[in-house]
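*Asks:* Just so it is clear, I am handing over run-v5.pdb, which has PDB, C-alpha atoms.
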ATOM      1  CA  MET V   1       0.000   0.000   0.000
ATOM      2  CA  GLN V   2       1.037   3.597  -0.562
ATOM      3  CA  THR V   3       1.052   6.205   2.232
ATOM      4  CA  VAL V   4      -2.258   7.785   1.214
ATOM      5  CA  GLN V   5      -3.867   4.340   1.098
ATOM      6  CA  TYR V   6      -2.685   3.718   4.657
ATOM      7  CA  LEU V   7      -4.175   7.072   5.639
ATOM      8  CA  ALA V   8      -7.505   6.082   4.092
ATOM      9  CA  HIS V   9      -7.411   2.767   5.945
ATOM     10  CA  ILE V  10      -6.686   4.513   9.264
ATOM     11  CA  HIS V  11      -9.545   6.911   8.556
ATOM     12  CA  ASN V  12     -11.886   3.945   8.020
ATOM     13  CA  GLU V  13     -10.732   2.386  11.303
ATOM     14  CA  LEU V  14     -11.449   5.633  13.122
ATOM     15  CA  ASN V  15     -14.884   5.887  11.518
ATOM     16  CA  SER V  16     -15.681   2.422  12.863
ATOM     17  CA  ALA V  17     -14.417   3.314  16.341
ATOM     18  CA  ALA V  18     -17.505   5.350  17.205
ATOM     19  CA  ASP V  19     -19.652   2.231  16.780
ATOM     20  CA  VAL V  20     -17.752   0.512  19.591
ATOM     21  CA  ILE V  21     -18.015   3.278  22.217
ATOM     22  CA  SER V  22     -21.071   3.303  24.486
ATOM     23  CA  ASP V  23     -23.045   6.558  24.667
ATOM     24  CA  ALA V  24     -24.132   5.596  28.183
ATOM     25  CA  GLU V  25     -20.508   5.208  29.309
ATOM     26  CA  ALA V  26     -19.560   8.499  27.654
ATOM     27  CA  GLU V  27     -22.451  10.360  29.269
ATOM     28  CA  ALA V  28     -21.593   8.867  32.679
ATOM     29  CA  LEU V  29     -18.042  10.146  32.273
ATOM     30  CA  ILE V  30     -19.267  13.600  31.266
ATOM     31  CA  SER V  31     -21.603  13.755  34.256
ATOM     32  CA  THR V  32     -18.773  12.763  36.574
ATOM     33  CA  ILE V  33     -16.474  15.392  35.038
ATOM     34  CA  LEU V  34     -19.107  18.103  35.452
ATOM     35  CA  HIS V  35     -19.785  17.160  39.078
ATOM     36  CA  ALA V  36     -16.147  16.818  40.100
ATOM     37  CA  ARG V  37     -14.567  19.512  42.194
ATOM     38  CA  ARG V  38     -11.309  19.101  40.269
ATOM     39  CA  ILE V  39     -10.256  16.778  37.445
ATOM     40  CA  TYR V  40      -6.862  15.082  37.431
ATOM     41  CA  VAL V  41      -5.614  13.213  34.368
ATOM     42  CA  ALA V  42      -2.915  10.601  33.967
ATOM     43  CA  GLY V  43      -1.643   8.250  31.298
ATOM     44  CA  ALA V  44       1.664   6.912  30.077
ATOM     45  CA  GLY V  45       3.325   7.363  26.695
ATOM     46  CA  ARG V  46       1.095   8.430  23.820
ATOM     47  CA  SER V  47      -2.049   7.814  25.889
ATOM     48  CA  GLY V  48      -0.631  10.301  28.373
ATOM     49  CA  LEU V  49      -0.168  12.884  25.632
ATOM     50  CA  MET V  50      -3.785  12.497  24.545
ATOM     51  CA  VAL V  51      -5.160  12.868  28.068
ATOM     52  CA  ARG V  52      -2.892  15.875  28.695
ATOM     53  CA  SER V  53      -4.405  17.594  25.662
ATOM     54  CA  PHE V  54      -7.841  16.845  27.140
ATOM     55  CA  ALA V  55      -6.843  18.516  30.427
ATOM     56  CA  MET V  56      -5.950  21.632  28.447
ATOM     57  CA  ARG V  57      -9.383  21.707  26.819
ATOM     58  CA  LEU V  58     -11.069  21.158  30.194
ATOM     59  CA  MET V  59      -9.220  24.247  31.427
ATOM     60  CA  HIS V  60     -10.401  26.134  28.317
ATOM     61  CA  LEU V  61     -13.933  25.101  29.306
ATOM     62  CA  GLY V  62     -13.418  26.770  32.687
ATOM     63  CA  LEU V  63     -13.040  23.529  34.643
ATOM     64  CA  GLU V  64     -10.272  23.002  37.178
ATOM     65  CA  ALA V  65      -8.069  20.360  35.546
ATOM     66  CA  TYR V  66      -4.588  19.115  36.374
ATOM     67  CA  VAL V  67      -2.024  16.667  35.022
ATOM     68  CA  VAL V  68      -0.750  14.241  37.646
ATOM     69  CA  GLY V  69       2.975  14.721  38.259
ATOM     70  CA  GLU V  70       3.216  18.365  37.227
ATOM     71  CA  THR V  71       4.803  20.702  39.782
ATOM     72  CA  MET V  72       1.698  22.904  40.092
ATOM     73  CA  THR V  73      -0.758  20.027  40.643
ATOM     74  CA  PRO V  74      -2.476  20.243  44.045
ATOM     75  CA  GLY V  75      -3.261  17.210  46.179
ATOM     76  CA  LEU V  76      -6.164  14.954  45.248
ATOM     77  CA  ALA V  77      -9.095  14.786  47.681
ATOM     78  CA  ARG V  78     -12.633  13.523  48.084
ATOM     79  CA  GLY V  79     -14.901  15.095  45.466
ATOM     80  CA  ASP V  80     -12.148  15.088  42.835
ATOM     81  CA  LEU V  81     -11.918  12.878  39.754
ATOM     82  CA  LEU V  82      -8.873  10.961  38.579
ATOM     83  CA  LEU V  83      -9.206  10.184  34.869
ATOM     84  CA  ILE V  84      -6.838   7.482  33.634
ATOM     85  CA  ALA V  85      -6.188   6.769  29.947
ATOM     86  CA  THR V  86      -4.685   3.300  29.526
ATOM     87  CA  GLY V  87      -5.018   0.839  26.691
ATOM     88  CA  SER V  88      -4.134  -2.276  28.664
ATOM     89  CA  GLY V  89      -5.403  -1.122  32.037
ATOM     90  CA  GLU V  90      -2.280  -2.721  33.505
ATOM     91  CA  THR V  91       0.243   0.132  33.276
ATOM     92  CA  ARG V  92       2.404  -0.376  36.373
ATOM     93  CA  SER V  93       2.942   3.333  37.064
ATOM     94  CA  LEU V  94      -0.805   4.083  36.953
ATOM     95  CA  ILE V  95      -2.153   1.332  39.234
ATOM     96  CA  PRO V  96      -0.768   2.907  42.458
ATOM     97  CA  MET V  97      -2.316   6.263  41.462
ATOM     98  CA  VAL V  98      -5.722   4.632  41.175
ATOM     99  CA  GLN V  99      -5.271   2.834  44.495
ATOM    100  CA  LYS V 100      -4.273   6.092  46.177
ATOM    101  CA  ALA V 101      -7.249   7.945  44.656
ATOM    102  CA  ASN V 102      -9.527   5.206  45.983
ATOM    103  CA  SER V 103      -8.004   5.622  49.452
ATOM    104  CA  PHE V 104      -8.824   9.349  49.314
ATOM    105  CA  GLN V 105     -12.394   8.510  48.221
ATOM    106  CA  ALA V 106     -11.932  10.403  44.967
ATOM    107  CA  SER V 107     -13.781   9.170  41.893
ATOM    108  CA  VAL V 108     -11.798   7.219  39.324
ATOM    109  CA  ALA V 109     -12.618   6.923  35.635
ATOM    110  CA  ALA V 110     -10.730   4.692  33.220
ATOM    111  CA  VAL V 111     -10.809   5.057  29.457
ATOM    112  CA  THR V 112      -9.421   1.748  28.287
ATOM    113  CA  ILE V 113      -9.511  -1.130  25.839
ATOM    114  CA  SER V 114      -9.689  -3.503  28.810
ATOM    115  CA  PRO V 115     -12.471  -2.769  31.336
ATOM    116  CA  GLN V 116     -11.744  -6.098  33.089
ATOM    117  CA  SER V 117      -8.132  -5.039  33.747
ATOM    118  CA  THR V 118      -6.733  -4.090  37.148
ATOM    119  CA  ILE V 119      -7.394  -0.381  36.575
ATOM    120  CA  GLY V 120     -10.786  -1.066  35.005
ATOM    121  CA  LYS V 121     -11.884  -3.050  38.056
ATOM    122  CA  LEU V 122     -10.627  -0.365  40.455
ATOM    123  CA  ALA V 123     -12.393   2.446  38.559
ATOM    124  CA  ASP V 124     -15.858   3.761  39.395
ATOM    125  CA  ILE V 125     -16.532   4.429  35.713
ATOM    126  CA  THR V 126     -15.048   2.825  32.628
ATOM    127  CA  VAL V 127     -15.345   3.777  28.997
ATOM    128  CA  THR V 128     -14.424   0.923  26.696
ATOM    129  CA  MET V 129     -12.510   1.925  23.597
ATOM    130  CA  PRO V 130     -11.548   0.029  20.430
ATOM    131  CA  GLY V 131      -8.059  -1.100  19.626
ATOM    132  CA  SER V 132      -5.458  -3.592  20.702
ATOM    133  CA  PRO V 133      -2.982  -3.191  23.553
ATOM    134  CA  LYS V 134       0.510  -2.336  22.376
ATOM    135  CA  GLU V 135       1.840  -5.818  23.024
ATOM    136  CA  GLN V 136      -0.636  -7.510  20.686
ATOM    137  CA  ARG V 137      -2.302  -6.829  17.380
ATOM    138  CA  GLY V 138      -6.004  -7.480  17.105
ATOM    139  CA  ASN V 139      -8.274  -7.815  14.134
ATOM    140  CA  GLN V 140      -9.621  -4.271  14.600
ATOM    141  CA  THR V 141      -6.556  -2.522  13.205
ATOM    142  CA  ILE V 142      -3.625  -2.791  10.831
ATOM    143  CA  GLN V 143      -1.766  -0.222  12.950
ATOM    144  CA  PRO V 144       1.070  -1.082  15.298
ATOM    145  CA  MET V 145       0.934  -1.110  19.050
ATOM    146  CA  GLY V 146      -1.818   1.056  20.566
ATOM    147  CA  SER V 147      -2.193   3.531  17.703
ATOM    148  CA  LEU V 148      -5.922   3.021  17.100
ATOM    149  CA  PHE V 149      -6.636   3.416  20.821
ATOM    150  CA  GLU V 150      -4.531   6.557  21.099
ATOM    151  CA  GLN V 151      -6.050   8.178  18.013
ATOM    152  CA  THR V 152      -9.548   7.319  19.191
ATOM    153  CA  LEU V 153      -8.734   8.799  22.616
ATOM    154  CA  LEU V 154      -7.924  12.168  21.077
ATOM    155  CA  LEU V 155     -11.111  12.227  19.017
ATOM    156  CA  PHE V 156     -13.246  10.891  21.886
ATOM    157  CA  PHE V 157     -11.928  13.577  24.228
ATOM    158  CA  ASP V 158     -12.654  16.244  21.589
ATOM    159  CA  ALA V 159     -16.198  14.880  21.307
ATOM    160  CA  ILE V 160     -16.568  15.165  25.090
ATOM    161  CA  VAL V 161     -15.423  18.786  24.862
ATOM    162  CA  LEU V 162     -18.141  19.493  22.285
ATOM    163  CA  ARG V 163     -20.753  17.792  24.496
ATOM    164  CA  ILE V 164     -19.697  19.840  27.541
ATOM    165  CA  MET V 165     -19.796  23.000  25.431
ATOM    166  CA  GLU V 166     -23.378  22.113  24.511
ATOM    167  CA  ILE V 167     -24.427  21.277  28.098
ATOM    168  CA  LYS V 168     -22.853  24.424  29.568
ATOM    169  CA  SER V 169     -23.684  26.705  26.614
ATOM    170  CA  ILE V 170     -20.036  27.597  26.093
ATOM    171  CA  ASP V 171     -18.855  28.824  22.717
ATOM    172  CA  SER V 172     -15.385  28.858  21.174
ATOM    173  CA  GLN V 173     -14.975  32.549  21.996
ATOM    174  CA  ALA V 174     -15.395  31.868  25.719
ATOM    175  CA  MET V 175     -12.842  29.075  25.480
ATOM    176  CA  LEU V 176     -10.430  31.309  23.576
ATOM    177  CA  SER V 177     -10.551  33.815  26.447
ATOM    178  CA  ARG V 178      -8.901  31.137  28.638
ATOM    179  CA  HIS V 179      -6.242  30.261  26.031
ATOM    180  CA  ALA V 180      -2.601  31.098  26.741
ATOM    181  CA  ASN V 181      -1.869  34.643  25.616
ATOM    182  CA  LEU V 182       1.705  35.275  26.715
ATOM    183  CA  GLU V 183       3.343  34.362  23.415
TER     184      GLU V 183
END
If you convert what's in this file into structure tokens, what do you get?
*Replies:*
Amino acid sequence: MQTVQYLAHIHNELNSAADVISDAEAEALISTILHARRIYVAGAGRSGLMVRSFAMRLMHLGLEAYVVGETMTPGLARGDLLLIATGSGETRSLIPMVQKANSFQASVAAVTISPQSTIGKLADITVTMPGSPKEQRGNQTIQPMGSLFEQTLLLFFDAIVLRIMEIKSIDSQAMLSRHANLE
């Protein structure tokens, strides 16, 4: 295949991804986000990059959002939400975060391929995503490692942003007013 053919194939995979994601799970996540005092996000590797971009958009929406591990991130407490993005649900660095959040009686949401994983079982809310964990290739994708999951994460999080904009009657101009302006 040529590069543009691969792009078309990836596009088709992403189009099919929406059929796999539950609206009920997505709406439960949105409700939890909107009722949380503060939202904390964590993920490793490319999943971490996608969830970090989501934290930025949550801030643009006027929500109090933080990335776990950053120097300016305050302590997690009851009433907060820890949102974990993990394909396998077994990422060793993320499991202790979830356990600690549970000990603080914070809510935990996992966006994952594997809702029956360690993190999925520890979470209050799970959103099941398409794709294959990085260590195996499934029949859902021709892409290597967790690419389909990571791409779907970015688009799913952008869809959540649009849904929150609708619920809260926020337009792009209001979000732009919270965008970095020091450049």
*Asks:* Hey, what's within 6 Å of Arg38 (chain V) if we count all atoms listed in the file and toss same-chain stuff fewer than 3 positions away? As a PDB file with C-alpha atoms, in the frame of the given file, please?
*Replies:*
ATOM      1  CA  GLU V  64     -10.272  23.002  37.178  1.00  0.00           C
ATOM      2  CA  ALA V  65      -8.069  20.360  35.546  1.00  0.00           C
ATOM      3  CA  ASP V  80     -12.148  15.088  42.835  1.00  0.00           C
TER       4      ASP V  80
END
*Asks:* Up to 9 Å from (-19.5, 11.6, 39.5) in the file's coordinates: name the residues, counting all atoms listed in the file, as an NGL selection string.
*Replies:* :V and (28-36 or 79-81 or 107-108 or 124-125)
*Asks:* Which one of V:Leu7, V:Leu76, V:Met97, V:Ala85 sits closest to Ala44 (chain V) if you count all atoms listed in the file?
*Replies:*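 Of V:Leu7, V:Leu76, V:Met97, V:Ala85, the one nearest Ala44 (chain V), counting all atoms listed in the file, is V:Ala85.
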*Asks:* Given all atoms listed in the file as the basis, pick out the residue of V:Leu82, V:Ile119, V:Ala18, V:Val4 nearest to Phe156 (chain V).
*Replies:* V:Ala18
*Asks:* Apply the PyMOL selection byres ((chain V and resi 13) around 12) to the structure shown and report the selected residues as a PDB file with C-alpha atoms, in the frame of the given file.
*Replies:*
ATOM      1  CA  TYR V   6      -2.685   3.718   4.657  1.00  0.00           C
ATOM      2  CA  LEU V   7      -4.175   7.072   5.639  1.00  0.00           C
ATOM      3  CA  ALA V   8      -7.505   6.082   4.092  1.00  0.00           C
ATOM      4  CA  HIS V   9      -7.411   2.767   5.945  1.00  0.00           C
ATOM      5  CA  ILE V  10      -6.686   4.513   9.264  1.00  0.00           C
ATOM      6  CA  HIS V  11      -9.545   6.911   8.556  1.00  0.00           C
ATOM      7  CA  ASN V  12     -11.886   3.945   8.020  1.00  0.00           C
ATOM      8  CA  LEU V  14     -11.449   5.633  13.122  1.00  0.00           C
ATOM      9  CA  ASN V  15     -14.884   5.887  11.518  1.00  0.00           C
ATOM     10  CA  SER V  16     -15.681   2.422  12.863  1.00  0.00           C
ATOM     11  CA  ALA V  17     -14.417   3.314  16.341  1.00  0.00           C
ATOM     12  CA  ALA V  18     -17.505   5.350  17.205  1.00  0.00           C
ATOM     13  CA  ASP V  19     -19.652   2.231  16.780  1.00  0.00           C
ATOM     14  CA  VAL V  20     -17.752   0.512  19.591  1.00  0.00           C
ATOM     15  CA  PRO V 130     -11.548   0.029  20.430  1.00  0.00           C
ATOM     16  CA  GLY V 131      -8.059  -1.100  19.626  1.00  0.00           C
ATOM     17  CA  ASN V 139      -8.274  -7.815  14.134  1.00  0.00           C
ATOM     18  CA  GLN V 140      -9.621  -4.271  14.600  1.00  0.00           C
ATOM     19  CA  THR V 141      -6.556  -2.522  13.205  1.00  0.00           C
ATOM     20  CA  ILE V 142      -3.625  -2.791  10.831  1.00  0.00           C
ATOM     21  CA  GLN V 143      -1.766  -0.222  12.950  1.00  0.00           C
ATOM     22  CA  SER V 147      -2.193   3.531  17.703  1.00  0.00           C
ATOM     23  CA  LEU V 148      -5.922   3.021  17.100  1.00  0.00           C
ATOM     24  CA  PHE V 149      -6.636   3.416  20.821  1.00  0.00           C
ATOM     25  CA  GLN V 151      -6.050   8.178  18.013  1.00  0.00           C
ATOM     26  CA  THR V 152      -9.548   7.319  19.191  1.00  0.00           C
TER      27      THR V 152
END
*Asks:* List the neighbours of Ala77 (chain V) out to 8 Å using all atoms listed in the file; skip same-chain residues closer than 2 positions along the sequence, and give me the result as a ChimeraX atom specification.
*Replies:* /V:75,79-80,101,104-106
*Asks:* Quick check, in Å to one decimal: how far apart do CA of Glu150 (chain V) and CA of Leu63 (chain V) lie?
*Replies:*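 Pair CA of Glu150 (chain V) / CA of Leu63 (chain V) returns 23.3 Å.
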*Asks:* Counting all atoms listed in the file, which of V:Val68, V:Leu61, V:Ile95, V:Val111 gets nearest to Tyr40 (chain V)?
*Replies:* V:Val68
*Asks:* Would you please work out which residue, of V:Arg78, V:Phe157, V:Met72, V:Met175, is nearest to Arg52 (chain V) when using only C-alpha atoms?
*Replies:*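 The shortest atom-to-atom distance to Arg52 (chain V) comes from V:Phe157.
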*Asks:* Provide the CA of Pro74 (chain V) to CA of Ile39 (chain V) distance in Å, to one decimal place.
*Replies:*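 That distance, rounded to one decimal, is 10.8 Å.
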*Asks:* Any idea what the distance is between CA of Ser103 (chain V) and CA of Gln116 (chain V)?
*Replies:*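 According to the coordinates, CA of Ser103 (chain V) and CA of Gln116 (chain V) are separated by 20.5 Å.
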*Asks:* Return as a PyMOL selection string the set of residues that the PyMOL selection byres ((chain V and resi 120) around 12) yields on the displayed structure.
*Replies:* chain V and resi 83-91+94-95+98-99+108-119+121-129
*Asks:* Closest to Leu155 (chain V) among V:Ala55, V:Ala26, V:Met50, V:Ala174, using all atoms listed in the file?
*Replies:*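 When distances to Leu155 (chain V) are compared using all atoms listed in the file, the smallest one comes from V:Met50.
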*Asks:* Using all atoms listed in the file for the distances, tell me which of V:Arg46, V:Gln5, V:Met59, V:Ala24 is nearest to Val161 (chain V).
*Replies:*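 When distances to Val161 (chain V) are compared using all atoms listed in the file, the smallest one comes from V:Met59.
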*Asks:* When you get a chance, write out N, CA, C and O atoms for region 148-166 of chain V, as a PDB file, in the frame of the given file.
*Replies:*
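Contents of selection09.pdb, freshly written:
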ATOM      1  N   LEU V 148      -4.482   2.794  17.261  1.00  0.00           N
ATOM      2  CA  LEU V 148      -5.922   3.021  17.100  1.00  0.00           C
ATOM      3  C   LEU V 148      -6.534   3.534  18.400  1.00  0.00           C
ATOM      4  O   LEU V 148      -7.322   4.477  18.397  1.00  0.00           O
ATOM      5  N   PHE V 149      -6.147   2.960  19.516  1.00  0.00           N
ATOM      6  CA  PHE V 149      -6.636   3.416  20.821  1.00  0.00           C
ATOM      7  C   PHE V 149      -6.263   4.874  21.054  1.00  0.00           C
ATOM      8  O   PHE V 149      -7.101   5.697  21.428  1.00  0.00           O
ATOM      9  N   GLU V 150      -5.002   5.204  20.826  1.00  0.00           N
ATOM     10  CA  GLU V 150      -4.531   6.557  21.099  1.00  0.00           C
ATOM     11  C   GLU V 150      -5.204   7.588  20.201  1.00  0.00           C
ATOM     12  O   GLU V 150      -5.591   8.669  20.659  1.00  0.00           O
ATOM     13  N   GLN V 151      -5.371   7.260  18.929  1.00  0.00           N
ATOM     14  CA  GLN V 151      -6.050   8.178  18.013  1.00  0.00           C
ATOM     15  C   GLN V 151      -7.507   8.362  18.417  1.00  0.00           C
ATOM     16  O   GLN V 151      -8.040   9.479  18.411  1.00  0.00           O
ATOM     17  N   THR V 152      -8.148   7.259  18.782  1.00  0.00           N
ATOM     18  CA  THR V 152      -9.548   7.319  19.191  1.00  0.00           C
ATOM     19  C   THR V 152      -9.690   8.128  20.475  1.00  0.00           C
ATOM     20  O   THR V 152     -10.657   8.873  20.642  1.00  0.00           O
ATOM     21  N   LEU V 153      -8.716   7.997  21.388  1.00  0.00           N
ATOM     22  CA  LEU V 153      -8.734   8.799  22.616  1.00  0.00           C
ATOM     23  C   LEU V 153      -8.820  10.282  22.292  1.00  0.00           C
ATOM     24  O   LEU V 153      -9.649  10.993  22.864  1.00  0.00           O
ATOM     25  N   LEU V 154      -7.944  10.746  21.411  1.00  0.00           N
ATOM     26  CA  LEU V 154      -7.924  12.168  21.077  1.00  0.00           C
ATOM     27  C   LEU V 154      -9.273  12.617  20.536  1.00  0.00           C
ATOM     28  O   LEU V 154      -9.835  13.630  20.974  1.00  0.00           O
ATOM     29  N   LEU V 155      -9.833  11.857  19.614  1.00  0.00           N
ATOM     30  CA  LEU V 155     -11.111  12.227  19.017  1.00  0.00           C
ATOM     31  C   LEU V 155     -12.258  12.110  20.026  1.00  0.00           C
ATOM     32  O   LEU V 155     -13.155  12.967  20.061  1.00  0.00           O
ATOM     33  N   PHE V 156     -12.227  11.066  20.855  1.00  0.00           N
ATOM     34  CA  PHE V 156     -13.246  10.891  21.886  1.00  0.00           C
ATOM     35  C   PHE V 156     -13.223  12.065  22.867  1.00  0.00           C
ATOM     36  O   PHE V 156     -14.262  12.622  23.215  1.00  0.00           O
ATOM     37  N   PHE V 157     -12.030  12.453  23.310  1.00  0.00           N
ATOM     38  CA  PHE V 157     -11.928  13.577  24.228  1.00  0.00           C
ATOM     39  C   PHE V 157     -12.415  14.871  23.570  1.00  0.00           C
ATOM     40  O   PHE V 157     -13.073  15.693  24.220  1.00  0.00           O
ATOM     41  N   ASP V 158     -12.132  15.062  22.292  1.00  0.00           N
ATOM     42  CA  ASP V 158     -12.654  16.244  21.589  1.00  0.00           C
ATOM     43  C   ASP V 158     -14.176  16.205  21.499  1.00  0.00           C
ATOM     44  O   ASP V 158     -14.846  17.236  21.596  1.00  0.00           O
ATOM     45  N   ALA V 159     -14.740  15.013  21.329  1.00  0.00           N
ATOM     46  CA  ALA V 159     -16.198  14.880  21.307  1.00  0.00           C
ATOM     47  C   ALA V 159     -16.789  15.214  22.678  1.00  0.00           C
ATOM     48  O   ALA V 159     -17.849  15.856  22.769  1.00  0.00           O
ATOM     49  N   ILE V 160     -16.110  14.816  23.741  1.00  0.00           N
ATOM     50  CA  ILE V 160     -16.568  15.165  25.090  1.00  0.00           C
ATOM     51  C   ILE V 160     -16.549  16.679  25.271  1.00  0.00           C
ATOM     52  O   ILE V 160     -17.468  17.259  25.849  1.00  0.00           O
ATOM     53  N   VAL V 161     -15.499  17.326  24.774  1.00  0.00           N
ATOM     54  CA  VAL V 161     -15.423  18.786  24.862  1.00  0.00           C
ATOM     55  C   VAL V 161     -16.638  19.415  24.182  1.00  0.00           C
ATOM     56  O   VAL V 161     -17.286  20.312  24.738  1.00  0.00           O
ATOM     57  N   LEU V 162     -16.966  18.954  22.990  1.00  0.00           N
ATOM     58  CA  LEU V 162     -18.141  19.493  22.285  1.00  0.00           C
ATOM     59  C   LEU V 162     -19.419  19.272  23.082  1.00  0.00           C
ATOM     60  O   LEU V 162     -20.288  20.149  23.150  1.00  0.00           O
ATOM     61  N   ARG V 163     -19.551  18.099  23.708  1.00  0.00           N
ATOM     62  CA  ARG V 163     -20.753  17.792  24.496  1.00  0.00           C
ATOM     63  C   ARG V 163     -20.832  18.697  25.720  1.00  0.00           C
ATOM     64  O   ARG V 163     -21.910  19.202  26.054  1.00  0.00           O
ATOM     65  N   ILE V 164     -19.695  18.937  26.384  1.00  0.00           N
ATOM     66  CA  ILE V 164     -19.697  19.840  27.541  1.00  0.00           C
ATOM     67  C   ILE V 164     -20.000  21.265  27.107  1.00  0.00           C
ATOM     68  O   ILE V 164     -20.730  21.996  27.788  1.00  0.00           O
ATOM     69  N   MET V 165     -19.465  21.670  25.964  1.00  0.00           N
ATOM     70  CA  MET V 165     -19.796  23.000  25.431  1.00  0.00           C
ATOM     71  C   MET V 165     -21.300  23.137  25.255  1.00  0.00           C
ATOM     72  O   MET V 165     -21.887  24.162  25.612  1.00  0.00           O
ATOM     73  N   GLU V 166     -21.933  22.098  24.720  1.00  0.00           N
ATOM     74  CA  GLU V 166     -23.378  22.113  24.511  1.00  0.00           C
ATOM     75  C   GLU V 166     -24.120  22.182  25.846  1.00  0.00           C
ATOM     76  O   GLU V 166     -25.021  23.010  26.018  1.00  0.00           O
TER      77      GLU V 166
END
